[in-house]
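Undergrad: File name my_file-v8.tsv; file contents TSV, C-alpha atoms; full text below.
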```tsv
chain	number	residue	atom	x	y	z
Q	1	MET	CA	101.78	90.37	89.79
Q	2	LYS	CA	105.04	88.50	90.26
Q	3	GLN	CA	105.15	85.42	92.46
Q	4	ILE	CA	108.60	85.55	94.05
Q	5	ARG	CA	108.29	82.44	96.18
Q	6	ARG	CA	105.63	79.99	97.33
Q	7	ASN	CA	105.89	77.47	100.14
Q	8	VAL	CA	102.49	75.96	100.99
Q	9	ASP	CA	102.12	72.43	102.36
Q	10	LYS	CA	99.38	69.91	101.50
Q	11	ASN	CA	97.25	71.19	104.40
Q	12	GLY	CA	97.35	74.76	103.09
Q	13	LEU	CA	99.75	76.09	105.74
Q	14	GLY	CA	102.51	78.30	104.41
Q	15	ALA	CA	103.70	81.54	102.86
Q	16	VAL	CA	103.56	83.19	99.45
Q	17	VAL	CA	105.82	86.10	98.50
Q	18	LEU	CA	104.29	88.44	95.91
Q	19	CYS	CA	105.31	91.66	94.19
Q	20	PRO	CA	102.33	93.76	92.98
Q	21	GLU	CA	103.01	95.83	89.88
Q	22	ASP	CA	99.87	97.90	89.29
Q	23	ASP	CA	96.49	98.91	90.75
Q	24	GLU	CA	94.82	95.65	89.77
Q	25	ASP	CA	97.55	93.69	91.55
Q	26	MET	CA	96.92	95.81	94.64
Q	27	TRP	CA	93.24	94.85	94.47
Q	28	HIS	CA	94.24	91.17	94.30
Q	29	LEU	CA	96.53	91.65	97.29
Q	30	TYR	CA	93.73	93.30	99.28
Q	31	ASN	CA	91.49	90.31	98.59
Q	32	LEU	CA	94.22	87.87	99.64
Q	33	ILE	CA	95.01	89.39	103.04
Q	34	GLN	CA	92.60	88.27	105.76
Q	35	THR	CA	92.27	89.08	109.47
Q	36	GLY	CA	94.52	86.67	111.39
Q	37	ASP	CA	97.07	86.27	108.58
Q	38	GLU	CA	100.68	87.33	109.09
Q	39	VAL	CA	102.10	89.88	106.65
Q	40	LYS	CA	105.78	90.73	106.25
Q	41	ALA	CA	106.97	93.83	104.38
Q	42	LEU	CA	109.42	96.72	104.53
Q	43	ALA	CA	108.46	99.60	106.82
Q	44	LEU	CA	109.88	102.91	107.97
Q	45	ARG	CA	110.12	103.34	111.75
Q	46	ARG	CA	111.26	106.33	113.77
Q	47	VAL	CA	113.90	105.13	116.23
Q	48	VAL	CA	114.88	107.25	119.26
Q	49	GLN	CA	118.44	106.77	120.57
Q	50	THR	CA	119.87	108.05	123.85
Q	51	GLY	CA	123.48	109.15	123.93
Q	52	ALA	CA	126.04	108.80	126.78
Q	53	THR	CA	125.27	112.36	127.95
Q	54	GLY	CA	121.54	111.67	128.09
Q	55	SER	CA	120.73	113.56	124.90
Q	56	THR	CA	118.30	111.92	122.48
Q	57	SER	CA	118.19	111.79	118.71
Q	58	SER	CA	115.78	110.16	116.29
Q	59	GLU	CA	116.10	108.80	112.81
Q	60	ARG	CA	113.89	106.93	110.37
Q	61	VAL	CA	115.02	103.35	109.84
Q	62	ARG	CA	113.93	100.99	107.09
Q	63	THR	CA	113.24	97.52	108.51
Q	64	LYS	CA	111.22	94.42	107.73
Q	65	LEU	CA	108.22	93.95	109.97
Q	66	THR	CA	105.91	90.97	110.42
Q	67	ILE	CA	102.50	91.72	111.88
Q	68	GLN	CA	99.41	89.66	112.61
Q	69	VAL	CA	96.61	91.30	110.66
Q	70	ALA	CA	93.84	93.01	112.61
Q	71	ASN	CA	92.58	95.42	109.91
Q	72	VAL	CA	93.05	95.84	106.15
Q	73	HIS	CA	92.13	99.00	104.23
Q	74	PHE	CA	92.27	99.50	100.45
Q	75	THR	CA	92.75	102.99	99.03
Q	76	PRO	CA	91.98	103.17	95.28
Q	77	SER	CA	94.26	105.16	93.02
Q	78	SER	CA	93.43	108.86	93.06
Q	79	ALA	CA	92.47	108.51	89.41
Q	80	SER	CA	89.66	106.17	90.44
Q	81	GLY	CA	88.07	109.09	92.19
Q	82	GLY	CA	88.30	111.01	88.95
Q	83	GLY	CA	90.09	114.33	88.81
Q	84	SER	CA	88.19	117.12	87.09
Q	85	ALA	CA	89.28	118.49	83.74
Q	86	SER	CA	90.27	121.78	85.31
Q	87	GLY	CA	92.03	120.27	88.35
Q	88	PRO	CA	95.60	118.98	88.59
Q	89	SER	CA	96.35	115.57	87.17
Q	90	VAL	CA	96.78	112.96	89.92
Q	91	SER	CA	96.67	109.86	87.80
Q	92	ASP	CA	100.18	108.76	88.76
Q	93	GLN	CA	99.18	108.06	92.38
Q	94	HIS	CA	98.69	104.33	92.66
Q	95	ALA	CA	96.35	102.32	94.85
Q	96	ALA	CA	97.63	101.53	98.34
Q	97	ILE	CA	96.86	99.08	101.14
Q	98	GLN	CA	97.16	99.77	104.86
Q	99	VAL	CA	97.55	96.63	107.01
Q	100	SER	CA	97.37	97.13	110.78
Q	101	GLY	CA	98.13	94.72	113.60
Q	102	ARG	CA	100.56	93.70	116.32
Q	103	VAL	CA	104.19	92.83	115.58
Q	104	CYS	CA	104.69	89.06	115.88
Q	105	GLU	CA	108.44	88.90	115.08
Q	106	GLU	CA	110.71	91.08	117.20
Q	107	ASN	CA	113.77	92.80	115.73
Q	108	ASN	CA	116.33	95.40	116.82
Q	109	PHE	CA	113.96	98.32	116.21
Q	110	VAL	CA	110.50	97.05	117.11
Q	111	LYS	CA	109.23	95.26	120.20
Q	112	MET	CA	107.06	92.17	120.10
Q	113	GLY	CA	103.36	93.00	120.44
Q	114	SER	CA	103.66	96.67	119.52
Q	115	TYR	CA	100.97	97.96	117.15
Q	116	HIS	CA	101.99	99.01	113.66
Q	117	THR	CA	100.54	99.82	110.25
Q	118	LEU	CA	102.26	98.60	107.09
Q	119	ASP	CA	101.78	100.68	103.94
Q	120	LEU	CA	101.85	98.31	100.99
Q	121	GLU	CA	102.66	99.81	97.59
Q	122	PRO	CA	103.31	98.56	94.03
Q	123	ASN	CA	106.75	97.11	93.23
Q	124	ARG	CA	107.52	96.10	96.82
Q	125	ASP	CA	107.63	92.46	97.92
Q	126	VAL	CA	104.99	91.30	100.39
Q	127	THR	CA	104.94	87.98	102.25
Q	128	ILE	CA	101.54	86.58	103.24
Q	129	ILE	CA	101.52	83.73	105.77
Q	130	LYS	CA	98.26	81.80	106.24
Q	131	GLN	CA	97.21	78.91	108.41
Q	132	GLU	CA	95.18	77.74	105.43
Q	133	TRP	CA	95.54	78.79	101.81
Q	134	ASP	CA	92.13	77.68	100.49
Q	135	SER	CA	91.22	77.11	96.84
Q	136	ILE	CA	89.84	80.65	96.41
Q	137	SER	CA	93.05	82.30	97.66
Q	138	LEU	CA	95.36	80.07	95.60
Q	139	GLY	CA	93.14	80.58	92.55
Q	140	ARG	CA	93.40	84.34	92.94
Q	141	VAL	CA	97.22	84.13	93.15
Q	142	GLU	CA	97.28	82.13	89.91
Q	143	ASP	CA	94.92	84.57	88.16
Q	144	ALA	CA	96.94	87.57	89.29
Q	145	CYS	CA	100.22	86.11	88.03
Q	146	VAL	CA	99.03	85.37	84.48
Q	147	GLU	CA	101.40	87.14	82.08
Q	148	GLY	CA	100.09	89.68	79.59
Q	149	ARG	CA	97.12	90.65	81.74
Q	150	GLY	CA	96.06	94.28	81.54
Q	151	ALA	CA	93.29	96.59	80.46
Q	152	ASP	CA	91.19	95.26	77.58
Q	153	LEU	CA	88.79	98.13	77.01
Q	154	GLY	CA	88.88	101.90	77.06
Q	155	ALA	CA	85.65	103.86	77.33
Q	156	ILE	CA	84.37	107.41	77.30
Q	157	VAL	CA	80.89	107.68	78.80
Q	158	ALA	CA	79.52	111.12	77.96
Q	159	SER	CA	76.64	113.52	77.68
Q	160	GLU	CA	76.55	117.24	76.85
Q	161	GLY	CA	79.32	118.87	78.90
Q	162	THR	CA	80.22	115.83	81.06
Q	163	ALA	CA	82.34	112.74	80.47
Q	164	ALA	CA	84.12	109.95	82.32
Q	165	ILE	CA	87.34	108.48	80.87
Q	166	CYS	CA	87.53	104.80	81.92
Q	167	LEU	CA	89.73	101.73	81.63
Q	168	LEU	CA	88.31	98.24	82.14
Q	169	SER	CA	90.50	95.27	83.04
Q	170	GLU	CA	89.69	91.77	84.29
Q	171	HIS	CA	88.99	92.87	87.86
Q	172	MET	CA	88.64	96.65	87.86
Q	173	THR	CA	86.87	99.57	86.28
Q	174	VAL	CA	89.04	102.64	86.83
Q	175	VAL	CA	87.75	106.13	86.12
Q	176	ARG	CA	90.91	107.86	84.96
Q	177	GLN	CA	89.32	111.31	84.80
Q	178	ARG	CA	85.93	112.98	85.10
Q	179	ILE	CA	85.26	116.02	82.94
Q	180	GLU	CA	82.66	118.74	83.37
Q	181	VAL	CA	83.22	121.69	81.04
Q	182	PRO	CA	80.70	124.21	79.66
Q	183	GLY	CA	80.78	125.06	75.97
Q	184	ALA	CA	80.88	122.47	73.19
Q	185	GLU	CA	84.31	123.33	71.75
Q	186	ARG	CA	86.02	123.50	75.16
Q	187	PHE	CA	84.30	120.28	76.23
Q	188	TYR	CA	85.35	118.22	73.21
Q	189	GLN	CA	88.89	119.57	73.38
Q	190	ALA	CA	89.11	118.64	77.09
Q	191	VAL	CA	87.83	115.12	76.38
Q	192	TYR	CA	90.26	114.70	73.49
Q	193	GLN	CA	93.26	115.74	75.60
Q	194	ALA	CA	92.16	113.50	78.49
Q	195	PHE	CA	91.70	110.62	76.06
Q	196	LEU	CA	95.27	110.98	74.74
Q	197	ARG	CA	96.62	111.24	78.27
Q	198	HIS	CA	94.79	108.29	79.83
Q	199	ILE	CA	93.77	105.76	77.17
Q	200	PRO	CA	96.56	103.53	75.73
Q	201	PHE	CA	94.49	102.83	72.61
Q	202	ALA	CA	97.30	101.00	70.80
Q	203	ASP	CA	97.29	98.26	73.47
Q	204	LEU	CA	93.51	97.88	73.84
Q	205	ARG	CA	91.10	95.58	72.06
Q	206	ALA	CA	88.54	98.34	71.67
Q	207	VAL	CA	87.67	101.91	72.62
Q	208	VAL	CA	84.00	102.62	73.31
Q	209	LEU	CA	82.32	106.00	72.94
Q	210	ALA	CA	79.02	105.72	74.81
Q	211	SER	CA	76.23	108.24	75.36
Q	212	PRO	CA	72.42	108.47	75.53
Q	213	GLY	CA	72.18	110.76	72.48
Q	214	PHE	CA	74.42	111.91	69.65
Q	215	VAL	CA	77.36	113.06	71.77
Q	216	LYS	CA	79.20	109.81	70.98
Q	217	ASP	CA	78.96	110.52	67.23
Q	218	THR	CA	80.09	114.13	67.55
Q	219	LEU	CA	82.94	113.04	69.81
Q	220	TYR	CA	84.02	110.35	67.33
Q	221	GLU	CA	84.13	112.92	64.51
Q	222	TYR	CA	86.01	115.41	66.69
Q	223	ILE	CA	88.66	112.88	67.76
Q	224	PHE	CA	89.54	111.90	64.21
Q	225	ALA	CA	89.32	115.44	62.87
Q	226	GLU	CA	91.90	116.43	65.51
Q	227	ALA	CA	94.01	113.35	64.75
Q	228	THR	CA	94.02	114.33	61.07
Q	229	ARG	CA	94.78	117.99	61.81
Q	230	THR	CA	97.69	117.14	64.14
Q	231	GLY	CA	99.01	114.22	62.05
Q	232	ASN	CA	98.47	111.63	64.79
Q	233	LYS	CA	99.12	108.55	62.64
Q	234	ALA	CA	98.91	106.05	65.53
Q	235	LEU	CA	95.39	107.23	66.40
Q	236	LEU	CA	94.27	107.23	62.77
Q	237	GLN	CA	95.52	103.66	62.36
Q	238	ALA	CA	93.51	102.61	65.44
Q	239	ARG	CA	90.24	103.93	63.99
Q	240	SER	CA	88.84	100.41	63.53
Q	241	LYS	CA	89.01	99.86	67.31
Q	242	PHE	CA	86.47	102.60	68.03
Q	243	LEU	CA	82.87	101.60	68.68
Q	244	ARG	CA	79.92	103.93	69.25
Q	245	ILE	CA	77.28	102.48	71.58
Q	246	HIS	CA	74.01	103.94	72.79
Q	247	THR	CA	73.36	103.87	76.56
Q	248	SER	CA	70.39	104.93	78.67
Q	249	SER	CA	72.48	107.30	80.80
Q	250	SER	CA	75.87	108.98	80.98
Q	251	HIS	CA	76.72	107.50	84.38
Q	252	VAL	CA	79.61	105.05	84.72
Q	253	HIS	CA	77.19	102.25	85.71
Q	254	SER	CA	75.91	102.31	82.10
Q	255	LEU	CA	79.10	100.40	81.23
Q	256	VAL	CA	77.06	97.32	82.18
Q	257	GLU	CA	74.90	98.11	79.13
Q	258	VAL	CA	78.04	98.51	77.03
Q	259	LEU	CA	79.29	95.05	77.99
Q	260	LYS	CA	75.91	93.52	77.07
Q	261	SER	CA	75.90	95.09	73.60
Q	262	PRO	CA	76.45	92.59	70.74
Q	263	GLU	CA	79.48	94.50	69.44
Q	264	ILE	CA	81.35	94.27	72.73
Q	265	SER	CA	80.12	90.86	73.89
Q	266	ASN	CA	81.31	89.29	70.64
Q	267	LEU	CA	84.66	91.07	70.77
Q	268	LEU	CA	85.36	90.38	74.47
Q	269	LYS	CA	83.37	87.19	75.01
Q	270	GLU	CA	86.42	85.37	76.42
Q	271	THR	CA	87.24	88.02	79.02
Q	272	LYS	CA	86.17	87.59	82.63
Q	273	PHE	CA	84.32	90.87	83.08
Q	274	ALA	CA	82.33	90.48	79.84
Q	275	LYS	CA	81.18	87.00	80.89
Q	276	GLU	CA	80.10	88.42	84.24
Q	277	GLY	CA	78.04	91.18	82.63
Q	278	ILE	CA	76.37	88.77	80.22
Q	279	MET	CA	75.59	86.22	82.95
Q	280	LEU	CA	74.21	88.84	85.33
Q	281	ASP	CA	71.92	90.06	82.56
Q	282	LYS	CA	70.81	86.47	81.94
Q	283	PHE	CA	70.04	86.06	85.65
Q	284	PHE	CA	67.86	89.19	85.78
Q	285	LYS	CA	65.98	88.13	82.65
Q	286	MET	CA	65.39	84.69	84.15
Q	287	LEU	CA	64.26	86.25	87.44
Q	288	ALA	CA	61.59	88.12	85.49
Q	289	SER	CA	60.49	85.25	83.23
Q	290	ASP	CA	61.29	81.98	85.08
Q	291	GLU	CA	61.83	82.81	88.75
Q	292	LEU	CA	61.90	79.15	89.84
Q	293	ARG	CA	65.31	78.90	88.14
Q	294	ALA	CA	66.72	82.20	89.46
Q	295	TRP	CA	67.56	82.15	93.16
Q	296	TYR	CA	69.51	84.67	95.24
Q	297	GLY	CA	70.50	85.21	98.86
Q	298	PRO	CA	72.88	82.98	100.89
Q	299	ASP	CA	70.25	80.74	102.46
Q	300	HIS	CA	68.35	80.02	99.26
Q	301	VAL	CA	71.48	79.49	97.15
Q	302	LEU	CA	72.87	77.04	99.73
Q	303	LEU	CA	69.58	75.10	99.60
Q	304	ALA	CA	69.81	74.93	95.80
Q	305	ALA	CA	73.43	73.73	96.06
Q	306	ASP	CA	72.41	70.94	98.47
Q	307	ARG	CA	70.04	69.65	95.78
Q	308	GLY	CA	72.69	69.84	93.04
Q	309	ALA	CA	70.53	72.32	91.13
Q	310	ILE	CA	73.05	75.10	90.44
Q	311	GLY	CA	74.11	75.49	86.83
Q	312	THR	CA	75.88	78.84	87.33
Q	313	LEU	CA	76.87	80.43	90.64
Q	314	LEU	CA	77.31	84.21	90.72
Q	315	ILE	CA	79.18	85.43	93.81
Q	316	THR	CA	81.13	88.60	94.63
Q	317	ASP	CA	84.64	88.74	96.03
Q	318	GLU	CA	83.28	90.85	98.90
Q	319	LEU	CA	81.78	87.75	100.54
Q	320	PHE	CA	85.24	86.14	100.76
Q	321	ARG	CA	86.57	89.17	102.68
Q	322	SER	CA	84.51	88.31	105.74
Q	323	ASN	CA	86.44	88.59	109.01
Q	324	LYS	CA	84.55	85.53	110.27
Q	325	VAL	CA	86.54	82.42	109.36
Q	326	GLU	CA	83.45	80.19	109.31
Q	327	GLU	CA	81.62	82.62	107.03
Q	328	ARG	CA	84.44	82.58	104.49
Q	329	LYS	CA	84.75	78.78	104.71
Q	330	LYS	CA	81.04	78.45	104.00
Q	331	TYR	CA	81.40	80.27	100.68
Q	332	VAL	CA	84.66	78.50	99.77
Q	333	GLU	CA	82.95	75.13	100.33
Q	334	LEU	CA	79.95	76.28	98.29
Q	335	VAL	CA	82.18	77.20	95.34
Q	336	GLU	CA	84.02	73.88	95.52
Q	337	SER	CA	80.73	71.95	95.79
Q	338	VAL	CA	79.24	73.64	92.73
Q	339	LYS	CA	82.39	72.96	90.69
Q	340	GLN	CA	82.51	69.32	91.77
Q	341	LYS	CA	78.93	68.85	90.58
Q	342	GLY	CA	79.75	70.29	87.16
Q	343	GLY	CA	78.44	73.82	87.72
Q	344	GLU	CA	80.06	77.05	86.56
Q	345	VAL	CA	81.29	79.61	89.12
Q	346	LEU	CA	81.80	83.31	88.37
Q	347	ILE	CA	83.46	85.36	91.12
Q	348	PHE	CA	82.51	88.99	90.43
Q	349	SER	CA	84.86	91.84	91.26
Q	350	SER	CA	83.19	94.50	93.39
Q	351	MET	CA	85.41	97.00	91.57
Q	352	HIS	CA	83.29	96.44	88.44
Q	353	GLU	CA	79.80	97.80	87.95
Q	354	SER	CA	78.41	94.27	87.55
Q	355	GLY	CA	79.91	93.25	90.89
Q	356	GLN	CA	78.38	96.29	92.58
Q	357	GLN	CA	74.98	95.38	91.13
Q	358	LEU	CA	75.31	91.84	92.45
Q	359	ASN	CA	76.34	93.18	95.88
Q	360	GLN	CA	73.05	95.08	95.98
Q	361	LEU	CA	71.35	91.71	95.48
Q	362	THR	CA	73.03	90.14	98.59
Q	363	GLY	CA	76.25	89.36	96.69
Q	364	ILE	CA	75.20	85.85	95.69
Q	365	ALA	CA	72.81	84.39	93.11
Q	366	ALA	CA	72.38	81.23	91.08
Q	367	ILE	CA	70.90	80.13	87.78
Q	368	LEU	CA	69.46	76.66	88.30
Q	369	THR	CA	69.55	73.76	85.86
Q	370	PHE	CA	65.99	72.82	86.78
Q	371	PRO	CA	63.14	74.73	88.47
Q	372	LEU	CA	62.72	74.65	92.24
Q	373	ASP	CA	60.00	76.29	94.29
Q	374	VAL	CA	61.55	78.11	97.25
Q	375	GLU	CA	58.53	77.61	99.47
Q	376	VAL	CA	58.36	73.88	98.74
Q	377	VAL	CA	62.08	73.42	99.38
Q	378	GLU	CA	61.92	75.38	102.65
Q	379	ALA	CA	58.93	73.28	103.77
Q	380	GLU	CA	60.87	70.10	102.97
Q	381	GLU	CA	63.87	71.37	104.93
Q	382	LYS	CA	61.67	72.24	107.92
Q	383	ALA	CA	59.99	68.81	107.85
Q	384	ALA	CA	63.38	67.05	107.61
Q	385	LYS	CA	64.72	69.01	110.62
Q	386	GLU	CA	61.60	68.23	112.66
Q	387	GLU	CA	61.87	64.55	111.77
Q	388	ALA	CA	65.55	64.48	112.73
Q	389	GLU	CA	64.82	66.21	116.03
Q	390	LEU	CA	62.01	63.74	116.80
Q	391	ALA	CA	64.32	60.80	116.02
Q	392	ARG	CA	66.97	62.28	118.31
Q	393	LEU	CA	64.52	62.66	121.19
Q	394	GLU	CA	63.23	59.12	120.72
Q	395	ALA	CA	66.80	57.76	120.72
Q	396	GLU	CA	67.59	59.66	123.92
Q	397	GLY	CA	64.41	58.27	125.52
Q	398	GLU	CA	65.37	54.67	124.69
Q	399	GLN	CA	68.84	55.17	126.20
Q	400	GLN	CA	67.48	56.36	129.57
Q	401	PRO	CA	67.50	53.51	132.15
Q	402	THR	CA	64.09	52.38	133.47
Q	403	THR	CA	63.51	52.40	137.23
```
Starting from the file, lay out its structure as structure tokens.
TA:
Amino acid sequence: MKQIRRNVDKNGLGAVVLCPEDDEDMWHLYNLIQTGDEVKALALRRVVQTGATGSTSSERVRTKLTIQVANVHFTPSSASGGGSASGPSVSDQHAAIQVSGRVCEENNFVKMGSYHTLDLEPNRDVTIIKQEWDSISLGRVEDACVEGRGADLGAIVASEGTAAICLLSEHMTVVRQRIEVPGAERFYQAVYQAFLRHIPFADLRAVVLASPGFVKDTLYEYIFAEATRTGNKALLQARSKFLRIHTSSSHVHSLVEVLKSPEISNLLKETKFAKEGIMLDKFFKMLASDELRAWYGPDHVLLAADRGAIGTLLITDELFRSNKVEERKKYVELVESVKQKGGEVLIFSSMHESGQQLNQLTGIAAILTFPLDVEVVEAEEKAAKEEAELARLEAEGEQQPTT
């Protein structure tokens, strides 16, 4: 992501101009645009003109439109849906964002208040204007604009006759192609060709071959036998990057197991998505063995935060996409509070398997620094509210004049 311009005052009011460059940047953009924001971008509009004789003609005009956001929709790249091995390749179709709302700046082609949908695409500047750029939004802009960011890990998750070719980056797991081919020779050849087409192995830290059985080993041998036969020197030189890892299934969600494996966790321990996988695994283990230190759900996590008990907060980006301003503010304030008290905050991407798992668990969880009993804390909260209400009623009674 390129930051073209940024003009945000001390109160958070202002505009940021960004240019997304790839699918991951589009995901960042989707998470930045909220209902009520103003978005400015190029658009094509059909303009009807009436001539002196009364005849009409229409033409498509490129113009800049500014709309107040009512709806935002993210369309993943077609590769994320996974084309089949026998189908046409559609991997060059990038992710897209559709932003709908009413025009709030009139120009020669569009009337004020008319409804329009902007189609946002990579390599086109977008201006986002907010009444308040909070710490989460500004942090995401900074993360997105870090140079050198890209995919860290390639993976082939396979079983007999089926495979998924994947790329994992900081915020996304993209299935570049799904393969389902009968016959061992045809299957391995299809996987090999898809691998060459979709996995930039020279630029990755590692390439994982994962399967429940011995498919990963056979695939490894096939890949390098073909590389030797065809004289693919670049692939042969990258042999040390290949890791074979056992998984319990051949589904894409087994990548969570891959990230927890010692080989990968040691290699990628500094990357965001590996930390998330490791910490989510730690939370589930603690939930099973020491549940007083593993809390989840908005209400319970907020109670733990009030007591300064959160060591690590796990929260998904989905919660920050709430259309309710107060709901989003609640989670922004929670994140800031945990950080101020010395806690760690991990914002999970819901485009990763770990983020999807956390979403199934309400989207928010916490590992506490000391044990707390939920029932005891809730009883204390109830007693405190009752005491405050009683004090309020007594104060109101003392203020009433006596007759």
Undergrad: Restricting the calculation to only C-alpha atoms, which member of Q:Ala144, Q:Leu390, Q:Leu219, Q:Leu268 is positioned closest to Q:Arg205?
TA: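 Nearest candidate to Q:Arg205 out of Q:Ala144, Q:Leu390, Q:Leu219, Q:Leu268: Q:Leu268.
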Undergrad: For stretch 60-65 of chain Q, list every protein, DNA or RNA residue within 10 Å, evaluated using all atoms listed in the file, and leave out those in the same chain fewer than 3 positions away; present the list as a PDB file with C-alpha atoms, in the coordinates of the input.
TA:
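This is the output file out03.pdb:
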```
ATOM      1  CA  VAL Q  39     102.100  89.880 106.650  1.00  0.00           C
ATOM      2  CA  LYS Q  40     105.780  90.730 106.250  1.00  0.00           C
ATOM      3  CA  ALA Q  41     106.970  93.830 104.380  1.00  0.00           C
ATOM      4  CA  LEU Q  42     109.420  96.720 104.530  1.00  0.00           C
ATOM      5  CA  ALA Q  43     108.460  99.600 106.820  1.00  0.00           C
ATOM      6  CA  LEU Q  44     109.880 102.910 107.970  1.00  0.00           C
ATOM      7  CA  ARG Q  45     110.120 103.340 111.750  1.00  0.00           C
ATOM      8  CA  ARG Q  46     111.260 106.330 113.770  1.00  0.00           C
ATOM      9  CA  VAL Q  47     113.900 105.130 116.230  1.00  0.00           C
ATOM     10  CA  VAL Q  48     114.880 107.250 119.260  1.00  0.00           C
ATOM     11  CA  ARG Q 102     100.560  93.700 116.320  1.00  0.00           C
ATOM     12  CA  VAL Q 103     104.190  92.830 115.580  1.00  0.00           C
ATOM     13  CA  CYS Q 104     104.690  89.060 115.880  1.00  0.00           C
ATOM     14  CA  GLU Q 105     108.440  88.900 115.080  1.00  0.00           C
ATOM     15  CA  GLU Q 106     110.710  91.080 117.200  1.00  0.00           C
ATOM     16  CA  ASN Q 107     113.770  92.800 115.730  1.00  0.00           C
ATOM     17  CA  ASN Q 108     116.330  95.400 116.820  1.00  0.00           C
ATOM     18  CA  PHE Q 109     113.960  98.320 116.210  1.00  0.00           C
ATOM     19  CA  VAL Q 110     110.500  97.050 117.110  1.00  0.00           C
ATOM     20  CA  HIS Q 116     101.990  99.010 113.660  1.00  0.00           C
ATOM     21  CA  THR Q 117     100.540  99.820 110.250  1.00  0.00           C
ATOM     22  CA  LEU Q 118     102.260  98.600 107.090  1.00  0.00           C
TER      23      LEU Q 118
END
```
Undergrad: Need to verify the contact set: stretch 237-252 of chain Q, 9 Å, all atoms listed in the file, exclusion of same-chain residues closer than 4 positions in sequence. Can you return it as JSON, numbers by chain?
TA: {"Q": [157, 158, 159, 162, 163, 164, 166, 175, 201, 202, 204, 205, 206, 207, 208, 209, 210, 211, 212, 213, 214, 216, 217, 220, 224, 232, 233, 256, 257, 258, 261, 263, 264, 353]}
Undergrad: Which polymer residues have any atom within 10 Å of an atom of stretch 27-33 of chain Q, counting only C-alpha atoms, with same-chain residues fewer than 3 positions away left out, as a ChimeraX atom specification?
TA: /Q:1,18-20,22-24,36-39,69,71-76,95-99,120,126,128-130,133,136-138,140-141,143-144,171-172,317-318,320-321,349,351
Undergrad: Considering only C-alpha atoms, can you say which of Q:Ser254, Q:Gln189, Q:Gln3, Q:Thr35 comes closest to Q:Glu142?
TA: Q:Gln3
Undergrad: Report, in Å with one decimal, the straight-line distance from atom CA of Q:Ser289 to atom CA of Q:Ala305.
TA: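 Atom-to-atom, atom CA of Q:Ser289 and atom CA of Q:Ala305 are spaced 21.6 Å apart.
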Undergrad: Could you work out how far atom CA of Q:Ser169 lies from atom CA of Q:Val16, giving the answer in Å with one decimal?
TA: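 Atom CA of Q:Ser169 lies 24.2 Å from atom CA of Q:Val16.
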Undergrad: Using only C-alpha atoms, determine which residues lie at most 7 Å from Q:Arg6, disregarding the query and same-chain residues fewer than 2 positions distant; provide the list as a list in words.
TA: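 Close residues of Q:Arg6: Val8, Ala15, Val16 and Val17 of chain Q.
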Undergrad: Stretch 149-168 of chain Q, all listed atoms, 4 Å padding on each side: what axis-aligned box centre and edge lengths in Å to one decimal come out, as JSON?
TA:
```
{"center_x": 86.8, "center_y": 104.8, "center_z": 79.6, "size_x": 28.6, "size_y": 36.2, "size_z": 13.5}
```
Undergrad: If we count all atoms listed in the file, what is near Q:Tyr296 at a cut-off of 9 Å, once residues fewer than 4 positions away on the same chain are taken out, given as number ranges by chain?
TA: Q: 300-301, 361-367
Undergrad: Do you have the atom CA of Q:Val335-atom CA of Q:Gln131 distance handy?
TA: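 Separation of atom CA of Q:Val335 and atom CA of Q:Gln131: 20.0 Å.
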Undergrad: Q:Thr127, Q:Thr230, Q:Ser100, Q:Ser135: which is nearest Q:Glu336, counting all atoms listed in the file?
TA: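 Nearest candidate to Q:Glu336 out of Q:Thr127, Q:Thr230, Q:Ser100, Q:Ser135: Q:Ser135.
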